[in-house]
Each structure stands twice: as structure tokens, then as C-alpha cells.
Amino acid sequence: MHAPLTPQPPVTVRTFTLRLSVTPRGARLARHLALNQLHEWGIPYGSAVSDAVAVIVAELAANAVTHGRVPGRDFELRLSLPTGSVRVEVSDTRTEAGVPKPGDVPPPGPLDEHGRGLVLVEALADRWEVLDRDLPGKTVLAEVDLPRGSLTRK
């Protein structure tokens, strides 16, 4: 005798991946497309999560364009919805060391014109880290937790 099969709900993996040019326009487009994708997934514009992800994507994309630029190579934006959070990954092809790790981000001076991007990421992300890639380069991964029950089904 066989036990009856229990129906399982379908598993939906939500991911969005896009390669963009290492230009200021590519960085702006990354932020815009990320917000649109979150809205499609049921995270509305102007919500706390959407606003935090917008700043994180903007800062990481700007860093990829400014510090991770390798002529002729794009950067990659990847968004996903693992259980309970929004994961942002921005990858570039620059391999030199120098990206501070979580907890080691130096605070900028009051008159410094640069150096606030990772400070903002550290403040807004619930978790973040820098990962080496199999391909040349690195990935900066940041996660923002979703409030329980905040994701509408789409």
C-alpha cells in the first residue's frame, strides 16, 4: 500500500538579474529598475523596504561604476526574494582588494566629498558582505528584512 501524496504548494523563486553599463546612466537605471521590480513583487513604492533598497542599489551601483569600473565590462544587478527578505547583489569585475568589510567601514569626515555609500549600506541593510566571484571581480550582497506579512502575492 502506498501513502496518499500530499499536495505541495508551488515554489516560486523570484529573481531579477540584469547587466548594465558601467556609466552613471547604468547606475541610475539600476535603481529605477530595482524599484519597478520590487513593486511588481508586491513591495510598493515609498514603503520602508522599497526606500531602503533604493538607497542600497543606488550606492552599490555608484560604487561599481566609480570604483569597480573595468573598460568594456558591465556590472550586474541581481535582486531576489529569499524567505523574509530582499537580497541585493551588485557585482563588478574589478579584483583589487580595498572594499571594507561589514563593521570596518570608516566614517567620512564632515568635509569629505566621498565615502558615505557603504556607511549608508551598513545603516540600512540588516546584513551585508563582500564576496569573491568565480569570474574576476567581487559581489557586494546586502539584505533588507521584510516585515512579517508585508509581501502581497503577485
# chains A, B, ... in the order shown; residues from 1 in each chain; ligands from 1

call {"tool": "select_by_dssp", "arguments": {"residues": "chain A", "states": "strand (DSSP E)", "output": "CSV table (one decimal) with N, CA and C atoms, in the first residue's frame"}}
result
chain,number,residue,atom,x,y,z
A,15,THR,N,13.5,36.1,-8.8
A,15,THR,CA,14.8,36.7,-9.0
A,15,THR,C,14.8,37.7,-10.2
A,16,PHE,N,15.6,38.6,-10.2
A,16,PHE,CA,15.7,39.6,-11.3
A,16,PHE,C,17.2,39.9,-11.5
A,17,THR,N,17.8,39.6,-12.7
A,17,THR,CA,19.2,39.8,-12.9
A,17,THR,C,19.3,40.6,-14.2
A,18,LEU,N,20.2,41.6,-14.2
A,18,LEU,CA,20.4,42.5,-15.3
A,18,LEU,C,21.9,43.0,-15.3
A,19,ARG,N,22.5,43.0,-16.5
A,19,ARG,CA,23.8,43.6,-16.7
A,19,ARG,C,23.6,45.0,-17.2
A,20,LEU,N,24.4,45.9,-16.6
A,20,LEU,CA,24.3,47.3,-17.0
A,20,LEU,C,25.6,47.9,-17.3
A,75,PHE,N,28.5,45.9,-15.1
A,75,PHE,CA,28.3,45.4,-13.8
A,75,PHE,C,26.9,44.7,-13.8
A,76,GLU,N,26.7,43.9,-12.8
A,76,GLU,CA,25.5,43.1,-12.7
A,76,GLU,C,24.7,43.5,-11.4
A,77,LEU,N,23.4,43.6,-11.6
A,77,LEU,CA,22.4,43.8,-10.5
A,77,LEU,C,21.6,42.6,-10.4
A,78,ARG,N,21.5,42.0,-9.2
A,78,ARG,CA,20.6,40.8,-9.0
A,78,ARG,C,19.8,41.1,-7.8
A,79,LEU,N,18.5,41.0,-7.9
A,79,LEU,CA,17.6,41.0,-6.8
A,79,LEU,C,16.9,39.7,-6.6
A,80,SER,N,16.7,39.3,-5.4
A,80,SER,CA,15.9,38.1,-5.2
A,80,SER,C,15.2,38.2,-3.9
A,85,SER,N,13.1,38.3,3.2
A,85,SER,CA,14.0,39.5,2.9
A,85,SER,C,14.1,39.8,1.4
A,86,VAL,N,14.6,40.9,1.1
A,86,VAL,CA,15.0,41.3,-0.2
A,86,VAL,C,16.5,41.2,-0.2
A,87,ARG,N,17.1,40.5,-1.2
A,87,ARG,CA,18.5,40.4,-1.3
A,87,ARG,C,18.9,41.2,-2.6
A,88,VAL,N,19.9,42.1,-2.4
A,88,VAL,CA,20.5,42.9,-3.4
A,88,VAL,C,21.9,42.4,-3.6
A,89,GLU,N,22.3,42.1,-4.9
A,89,GLU,CA,23.7,41.8,-5.2
A,89,GLU,C,24.1,42.7,-6.4
A,90,VAL,N,25.3,43.3,-6.2
A,90,VAL,CA,25.9,44.1,-7.2
A,90,VAL,C,27.3,43.6,-7.4
A,91,SER,N,27.6,43.1,-8.7
A,91,SER,CA,28.8,42.5,-9.0
A,91,SER,C,29.6,43.4,-10.0
A,92,ASP,N,30.9,43.5,-9.8
A,92,ASP,CA,31.7,44.2,-10.9
A,92,ASP,C,32.9,43.3,-11.1
A,127,ARG,N,21.9,42.9,6.8
A,127,ARG,CA,23.1,42.1,6.7
A,127,ARG,C,23.7,42.5,5.4
A,128,TRP,N,25.1,42.5,5.3
A,128,TRP,CA,25.7,42.7,4.1
A,128,TRP,C,27.1,42.1,4.2
A,129,GLU,N,27.7,41.8,3.0
A,129,GLU,CA,29.0,41.2,2.9
A,129,GLU,C,29.6,41.4,1.5
A,130,VAL,N,30.9,41.2,1.4
A,130,VAL,CA,31.6,41.3,0.2
A,130,VAL,C,32.1,39.9,-0.2
A,131,LEU,N,31.8,39.4,-1.4
A,131,LEU,CA,32.1,38.1,-1.8
A,131,LEU,C,33.0,38.1,-3.0
A,132,ASP,N,34.0,37.2,-3.1
A,132,ASP,CA,34.7,37.0,-4.3
A,132,ASP,C,33.9,36.2,-5.3
A,138,LYS,N,34.1,41.0,-7.8
A,138,LYS,CA,33.6,40.8,-6.5
A,138,LYS,C,32.1,41.1,-6.5
A,139,THR,N,31.4,40.6,-5.5
A,139,THR,CA,29.9,40.9,-5.4
A,139,THR,C,29.7,41.5,-4.0
A,140,VAL,N,29.0,42.6,-3.9
A,140,VAL,CA,28.5,43.1,-2.6
A,140,VAL,C,27.1,42.7,-2.5
A,141,LEU,N,26.8,42.0,-1.4
A,141,LEU,CA,25.5,41.4,-1.2
A,141,LEU,C,24.9,42.1,0.1
A,142,ALA,N,23.7,42.6,0.0
A,142,ALA,CA,23.0,43.2,1.1
A,142,ALA,C,21.6,42.7,1.2
A,143,GLU,N,21.1,42.5,2.4
A,143,GLU,CA,19.7,42.1,2.6
A,143,GLU,C,19.0,43.0,3.5
A,144,VAL,N,17.7,43.2,3.1
A,144,VAL,CA,16.8,44.0,3.9
A,144,VAL,C,15.6,43.1,4.3
A,145,ASP,N,15.4,43.0,5.6
A,145,ASP,CA,14.3,42.1,6.1
A,145,ASP,C,13.0,42.7,5.7

call {"tool": "residues_around", "arguments": {"residues": "Thr93 (chain A)", "least_positions_apart": "3", "cutoff": "9 Å", "atoms": "only C-alpha atoms", "output": "list in words"}}
result
Ala64, Gly68, Arg69, Val70, Arg73, Asp74, Phe75, Arg133, Leu135, Pro136, Gly137, Lys138 and Thr139 of chain A

call {"tool": "write_last_selection", "arguments": {"atoms": "C-alpha atoms", "output": "PDB file, in the first residue's frame"}}
result
ATOM      1  CA  ALA A  64      30.528  49.654  -9.148  1.00  0.00           C
ATOM      2  CA  GLY A  68      34.730  48.808  -9.939  1.00  0.00           C
ATOM      3  CA  ARG A  69      34.888  50.045 -13.490  1.00  0.00           C
ATOM      4  CA  VAL A  70      36.847  47.977 -15.972  1.00  0.00           C
ATOM      5  CA  ARG A  73      32.893  45.226 -18.870  1.00  0.00           C
ATOM      6  CA  ASP A  74      29.446  45.685 -17.371  1.00  0.00           C
ATOM      7  CA  PHE A  75      28.283  45.411 -13.783  1.00  0.00           C
ATOM      8  CA  ARG A 133      33.373  35.701  -7.607  1.00  0.00           C
ATOM      9  CA  LEU A 135      34.749  35.172 -12.546  1.00  0.00           C
ATOM     10  CA  PRO A 136      37.093  38.080 -11.991  1.00  0.00           C
ATOM     11  CA  GLY A 137      35.673  40.565  -9.544  1.00  0.00           C
ATOM     12  CA  LYS A 138      33.551  40.794  -6.452  1.00  0.00           C
ATOM     13  CA  THR A 139      29.932  40.919  -5.355  1.00  0.00           C
TER      14      THR A 139
END

call {"tool": "atom_distance", "arguments": {"atom1": "CA of Tyr45 (chain A)", "atom2": "CA of Arg28 (chain A)"}}
result
16.3 Å

call {"tool": "closest_residue", "arguments": {"among": "A:Ser21, A:Asn63, A:Arg31, A:Val49", "to": "Val99 (chain A)", "atoms": "only C-alpha atoms"}}
result
A:Asn63

call {"tool": "select_by_dssp", "arguments": {"residues": "chain A", "states": "helix (DSSP H, G or I)", "output": "VMD selection string"}}
result
chain A and resid 24 to 40 48 to 66 117 to 124

call {"tool": "write_last_selection", "arguments": {"atoms": "N, CA and C atoms", "output": "compact mmCIF listing (two decimals), in the first residue's frame"}}
result
# COMPACT_ATOMS: atom_id res chain seq x y z
N PRO A 24 27.30 56.41 -15.29
CA PRO A 24 26.30 56.98 -14.38
C PRO A 24 24.86 56.64 -14.81
N ARG A 25 24.63 56.58 -16.12
CA ARG A 25 23.29 56.21 -16.60
C ARG A 25 22.94 54.78 -16.19
N GLY A 26 23.92 53.87 -16.28
CA GLY A 26 23.69 52.49 -15.85
C GLY A 26 23.35 52.41 -14.37
N ALA A 27 24.02 53.21 -13.55
CA ALA A 27 23.74 53.22 -12.11
C ALA A 27 22.33 53.75 -11.83
N ARG A 28 21.94 54.83 -12.51
CA ARG A 28 20.58 55.37 -12.32
C ARG A 28 19.53 54.35 -12.77
N LEU A 29 19.79 53.69 -13.88
CA LEU A 29 18.85 52.69 -14.40
C LEU A 29 18.71 51.52 -13.42
N ALA A 30 19.80 51.12 -12.78
CA ALA A 30 19.74 50.03 -11.81
C ALA A 30 18.75 50.35 -10.70
N ARG A 31 18.82 51.55 -10.16
CA ARG A 31 17.91 51.95 -9.08
C ARG A 31 16.47 51.96 -9.57
N HIS A 32 16.24 52.56 -10.72
CA HIS A 32 14.90 52.66 -11.28
C HIS A 32 14.29 51.27 -11.52
N LEU A 33 15.06 50.39 -12.16
CA LEU A 33 14.55 49.05 -12.46
C LEU A 33 14.34 48.22 -11.19
N ALA A 34 15.19 48.42 -10.19
CA ALA A 34 15.02 47.71 -8.92
C ALA A 34 13.70 48.10 -8.26
N LEU A 35 13.40 49.37 -8.23
CA LEU A 35 12.13 49.82 -7.63
C LEU A 35 10.93 49.28 -8.39
N ASN A 36 11.01 49.29 -9.71
CA ASN A 36 9.91 48.72 -10.50
C ASN A 36 9.73 47.25 -10.22
N GLN A 37 10.83 46.51 -10.12
CA GLN A 37 10.73 45.07 -9.86
C GLN A 37 10.15 44.80 -8.48
N LEU A 38 10.59 45.54 -7.48
CA LEU A 38 10.02 45.36 -6.13
C LEU A 38 8.52 45.61 -6.15
N HIS A 39 8.10 46.65 -6.86
CA HIS A 39 6.66 46.95 -6.95
C HIS A 39 5.91 45.80 -7.61
N GLU A 40 6.50 45.21 -8.65
CA GLU A 40 5.88 44.06 -9.31
C GLU A 40 5.76 42.88 -8.35
N ALA A 48 8.99 51.41 3.48
CA ALA A 48 10.30 51.45 4.13
C ALA A 48 11.29 50.51 3.44
N VAL A 49 10.84 49.32 3.06
CA VAL A 49 11.72 48.36 2.40
C VAL A 49 12.12 48.88 1.03
N SER A 50 11.18 49.37 0.26
CA SER A 50 11.47 49.90 -1.07
C SER A 50 12.46 51.06 -0.99
N ASP A 51 12.25 51.97 -0.04
CA ASP A 51 13.15 53.11 0.10
C ASP A 51 14.55 52.67 0.50
N ALA A 52 14.66 51.70 1.42
CA ALA A 52 15.98 51.21 1.83
C ALA A 52 16.69 50.53 0.68
N VAL A 53 15.98 49.69 -0.07
CA VAL A 53 16.58 49.00 -1.21
C VAL A 53 17.00 50.01 -2.28
N ALA A 54 16.20 51.06 -2.48
CA ALA A 54 16.55 52.08 -3.48
C ALA A 54 17.89 52.72 -3.15
N VAL A 55 18.11 53.07 -1.89
CA VAL A 55 19.37 53.69 -1.50
C VAL A 55 20.52 52.69 -1.63
N ILE A 56 20.29 51.46 -1.19
CA ILE A 56 21.35 50.43 -1.27
C ILE A 56 21.75 50.18 -2.72
N VAL A 57 20.77 50.01 -3.60
CA VAL A 57 21.08 49.78 -5.02
C VAL A 57 21.81 50.99 -5.59
N ALA A 58 21.33 52.19 -5.28
CA ALA A 58 21.97 53.40 -5.81
C ALA A 58 23.43 53.48 -5.37
N GLU A 59 23.69 53.22 -4.10
CA GLU A 59 25.06 53.33 -3.59
C GLU A 59 25.97 52.23 -4.15
N LEU A 60 25.47 50.99 -4.17
CA LEU A 60 26.31 49.90 -4.68
C LEU A 60 26.55 50.03 -6.18
N ALA A 61 25.54 50.47 -6.92
CA ALA A 61 25.72 50.68 -8.36
C ALA A 61 26.69 51.83 -8.62
N ALA A 62 26.57 52.90 -7.85
CA ALA A 62 27.51 54.03 -7.99
C ALA A 62 28.93 53.58 -7.68
N ASN A 63 29.10 52.74 -6.66
CA ASN A 63 30.43 52.22 -6.34
C ASN A 63 30.96 51.34 -7.46
N ALA A 64 30.10 50.51 -8.04
CA ALA A 64 30.53 49.65 -9.15
C ALA A 64 30.98 50.49 -10.34
N VAL A 65 30.26 51.58 -10.61
CA VAL A 65 30.59 52.45 -11.73
C VAL A 65 31.84 53.27 -11.43
N THR A 66 31.98 53.73 -10.20
CA THR A 66 33.10 54.61 -9.85
C THR A 66 34.38 53.84 -9.52
N GLY A 117 28.78 56.00 0.86
CA GLY A 117 27.98 54.94 0.27
C GLY A 117 27.87 53.71 1.14
N LEU A 118 29.00 53.13 1.56
CA LEU A 118 28.94 51.93 2.38
C LEU A 118 28.48 52.23 3.80
N VAL A 119 28.64 53.48 4.25
CA VAL A 119 28.07 53.87 5.55
C VAL A 119 26.55 53.75 5.48
N LEU A 120 25.97 54.21 4.36
CA LEU A 120 24.52 54.09 4.18
C LEU A 120 24.09 52.63 4.06
N VAL A 121 24.84 51.84 3.30
CA VAL A 121 24.52 50.42 3.16
C VAL A 121 24.54 49.75 4.53
N GLU A 122 25.57 50.03 5.31
CA GLU A 122 25.67 49.43 6.64
C GLU A 122 24.51 49.85 7.55
N ALA A 123 24.06 51.09 7.40
CA ALA A 123 22.95 51.59 8.23
C ALA A 123 21.60 51.01 7.80
N LEU A 124 21.40 50.80 6.50
CA LEU A 124 20.08 50.40 6.00
C LEU A 124 19.89 48.89 5.84

call {"tool": "atom_distance", "arguments": {"atom1": "CA of Arg14 (chain A)", "atom2": "CA of Asp126 (chain A)"}}
result
19.7 Å
